[in-house]
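Containing compact mmCIF, C-alpha atoms and all ligand atoms: final35.txt.
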```txt
# COMPACT_ATOMS: atom_id res chain seq x y z
CA MET A 1 -28.99 77.68 106.60
CA LYS A 2 -31.14 76.67 103.66
CA ILE A 3 -32.53 73.10 103.64
CA LEU A 4 -31.29 71.30 100.54
CA ASN A 5 -33.27 68.95 98.34
CA ASP A 6 -31.67 65.69 97.15
CA ASP A 7 -30.22 67.17 93.94
CA GLU A 8 -28.79 70.19 95.74
CA LEU A 9 -27.29 67.94 98.39
CA ILE A 10 -25.59 65.69 95.82
CA LYS A 11 -24.19 68.75 94.03
CA ALA A 12 -22.94 70.20 97.33
CA ILE A 13 -21.21 66.92 98.22
CA VAL A 14 -19.44 66.83 94.82
CA ILE A 15 -18.28 70.43 95.26
CA HIS A 16 -17.15 69.74 98.85
CA GLU A 17 -15.09 66.75 97.69
CA ARG A 18 -13.53 68.70 94.80
CA ARG A 19 -12.57 71.58 97.08
CA ARG A 20 -11.20 69.28 99.76
CA ARG A 21 -8.96 67.52 97.23
CA ALA A 22 -7.76 70.84 95.76
CA PHE A 23 -6.89 72.19 99.21
CA GLU A 24 -5.01 69.03 100.10
CA GLN A 25 -3.07 69.22 96.83
CA SER A 26 -2.19 72.81 97.63
CA GLY A 27 -0.64 71.79 100.92
CA LEU A 28 -3.35 71.78 103.60
CA SER A 29 -3.62 68.80 105.91
CA GLU A 30 -6.59 66.47 105.46
CA THR A 31 -8.30 67.95 108.52
CA MET A 32 -7.71 71.58 107.54
CA ALA A 33 -8.87 70.91 103.96
CA PHE A 34 -12.05 69.26 105.23
CA ASP A 35 -12.74 72.08 107.69
CA LEU A 36 -12.31 74.75 105.01
CA ALA A 37 -14.57 72.84 102.60
CA GLU A 38 -17.13 72.68 105.44
CA GLN A 39 -16.92 76.43 106.05
CA MET A 40 -17.42 77.03 102.34
CA PHE A 41 -20.39 74.65 102.26
CA GLU A 42 -22.03 76.64 105.06
CA ARG A 43 -21.15 79.90 103.31
CA ASP A 44 -22.63 78.66 100.02
CA HIS A 45 -25.98 78.04 101.70
CA ASP A 46 -26.18 81.16 103.82
CA PRO A 47 -27.57 84.00 101.70
CA MET A 48 -26.20 86.55 104.17
CA ASP A 49 -22.60 85.30 103.89
CA ASP A 50 -20.70 86.87 100.97
CA ARG A 51 -17.19 85.96 102.09
CA ARG A 52 -14.74 84.34 99.66
CA ILE A 53 -11.34 82.74 99.71
CA CYS A 54 -8.54 83.77 97.40
CA PHE A 55 -8.72 80.40 95.58
CA GLU A 56 -12.03 81.61 94.11
CA CYS A 57 -10.47 84.82 92.76
CA LYS A 58 -8.97 85.47 89.30
CA ASN A 59 -6.23 87.51 90.97
CA PHE A 60 -4.92 84.53 92.91
CA ASN A 61 -1.85 82.71 91.61
CA SER A 62 -2.27 79.20 92.98
CA GLN A 63 1.32 78.24 92.05
CA ASN A 64 2.99 80.68 94.41
CA LYS A 65 -0.13 81.47 96.50
CA LYS A 66 0.25 85.19 95.88
CA CYS A 67 -2.20 87.89 94.89
CA MET A 68 -1.58 89.45 91.47
CA ASP A 69 -3.62 92.58 92.26
CA PRO A 70 -1.04 95.30 93.03
CA LYS A 71 -3.57 97.09 95.26
CA GLN A 72 -3.67 94.16 97.71
CA LYS A 73 -0.80 93.67 100.10
CA PHE A 74 -1.04 89.89 100.35
CA ALA A 75 -3.34 86.93 99.77
CA LEU A 76 -5.11 84.95 102.49
CA PRO A 77 -5.61 81.74 100.52
CA TYR A 78 -7.41 79.71 103.17
CA ILE A 79 -9.44 82.31 105.05
CA LEU A 80 -12.98 83.35 104.19
CA GLN A 81 -12.88 87.12 103.87
CA ARG A 82 -14.28 90.15 102.09
CA CYS A 83 -11.69 91.68 99.76
CA GLY A 84 -12.21 94.79 97.64
CA GLY A 85 -10.14 93.27 94.83
CA PHE A 86 -12.05 90.00 94.64
CA ASN A 87 -12.81 88.95 91.07
CA LEU A 88 -14.73 85.68 90.72
CA LYS A 89 -13.00 83.00 88.61
CA GLY A 90 -14.93 81.69 85.65
CA VAL A 91 -16.99 84.83 85.13
CA LYS A 92 -16.47 86.71 81.84
CA LYS A 93 -16.88 90.47 81.81
S1 LIG A 101 -7.74 90.31 95.13
FE1 LIG A 101 -8.25 89.80 97.27
S2 LIG A 101 -9.44 87.91 97.13
FE2 LIG A 101 -8.37 88.17 95.18
S3 LIG A 101 -6.47 87.00 95.39
FE3 LIG A 101 -6.04 89.12 95.97
S4 LIG A 101 -6.29 89.20 98.19
FE4 LIG A 101 -7.31 87.33 97.45
```
As a first step, turn the structure in this file into structure tokens.
Amino acid sequence: MKILNDDELIKAIVIHERRRRAFEQSGLSETMAFDLAEQMFERDHDPMDDRRICFECKNFNSQNKKCMDPKQKFALPYILQRCGGFNLKGVKK
């Protein structure tokens, strides 16, 4: 894992906190939300790890926790995975 400088570490902590809160609001327990935010932190700083969770995807409906891509059978909201239908949120095409 990459060694972070002070600025990168502060940014990573803010992101970790934001994710943890979002996962708790979506129904995960405090422990599960923290663990998932930890996994994502490690993923973010491992250049070889390209896994994503559905929460990061434009095709994910966070209200009903379902995938809106008809080619995908179901969403795995809380599991880091590689999905052929993944479409990063916040990126314009
Ligand atoms: S396309 Fe894949 S990554 Fe995106 S919401 Fe559906 S199952 Fe999840």
Residue contacts of Arg82 of chain A (9 Å, only C-alpha atoms) excluding same-chain residues fewer than 3 positions away, as a PyMOL selection string: chain A and resi 50-53+85-86
Show me, as a tab-separated table, the residues of chain A having an atom within 9 Å of ligand LIG 101 (chain A), each with the closest atom pair and its distance in Å, using all atoms listed in the file.
```
residue	atom	partner	partner_atom	distance
A:Arg52	CA	A:LIG101	S2	6.9
A:Ile53	CA	A:LIG101	S2	6.1
A:Cys54	CA	A:LIG101	FE4	3.8
A:Phe55	CA	A:LIG101	S3	7.0
A:Glu56	CA	A:LIG101	S2	7.5
A:Cys57	CA	A:LIG101	FE2	4.6
A:Lys58	CA	A:LIG101	FE2	6.5
A:Asn59	CA	A:LIG101	S3	4.5
A:Phe60	CA	A:LIG101	S3	3.8
A:Asn61	CA	A:LIG101	S3	7.4
A:Lys65	CA	A:LIG101	S3	8.5
A:Lys66	CA	A:LIG101	S3	7.0
A:Cys67	CA	A:LIG101	FE3	4.2
A:Met68	CA	A:LIG101	FE3	6.3
A:Asp69	CA	A:LIG101	S1	5.5
A:Pro70	CA	A:LIG101	FE3	8.5
A:Lys71	CA	A:LIG101	S1	8.0
A:Gln72	CA	A:LIG101	S4	5.6
A:Lys73	CA	A:LIG101	S4	7.3
A:Phe74	CA	A:LIG101	S4	5.7
A:Ala75	CA	A:LIG101	S4	4.0
A:Leu76	CA	A:LIG101	FE4	6.0
A:Pro77	CA	A:LIG101	FE4	6.6
A:Gln81	CA	A:LIG101	S2	7.6
A:Arg82	CA	A:LIG101	S2	7.3
A:Cys83	CA	A:LIG101	FE1	4.6
A:Gly84	CA	A:LIG101	FE1	6.4
A:Gly85	CA	A:LIG101	S1	3.8
A:Phe86	CA	A:LIG101	FE2	4.1
A:Asn87	CA	A:LIG101	FE2	6.1
A:Leu88	CA	A:LIG101	FE2	8.2
```
Using all atoms listed in the file, the residue out of A:Ile79, A:His45, A:Met1, A:Lys11 with shortest distance to Ala33 of chain A is A:Ile79
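For the choices A:Asp44, A:Gln39, A:Ser26, A:Arg19, the atom-to-atom distance to Ile3 of chain A is smallest for A:Asp44 when using only C-alpha atoms.
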From atom CA of Asn5 of chain A to atom CA of Phe23 of chain A the spacing works out at 26.6 Å
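For the residues A:Ala22, A:Leu80, A:Ser62, A:Ile10, ranking by smallest atom-to-atom distance to Asp49 of chain A using only C-alpha atoms places A:Leu80 first.
Considering the residues A:Gly90, A:Tyr78, A:Lys2, A:Leu9 and counting only C-alpha atoms, Ala37 of chain A has its shortest atom-to-atom contact with A:Tyr78.
The spacing separating atom CA of Arg21 of chain A from atom CA of Glu38 of chain A amounts to 12.7 Å.
You will find atom CA of Asp6 of chain A at 17.7 Å from atom CA of Asp46 of chain A.
The residue that comes closest to Ala12 of chain A, out of A:Met40, A:Leu28, A:Val91, A:Met48 and on the basis of all atoms listed in the file, is A:Met40.
Distances from A:Arg20, A:Lys89, A:Ile13, A:Asn64 to Phe34 of chain A were compared using only C-alpha atoms, and the smallest one belongs to A:Arg20.
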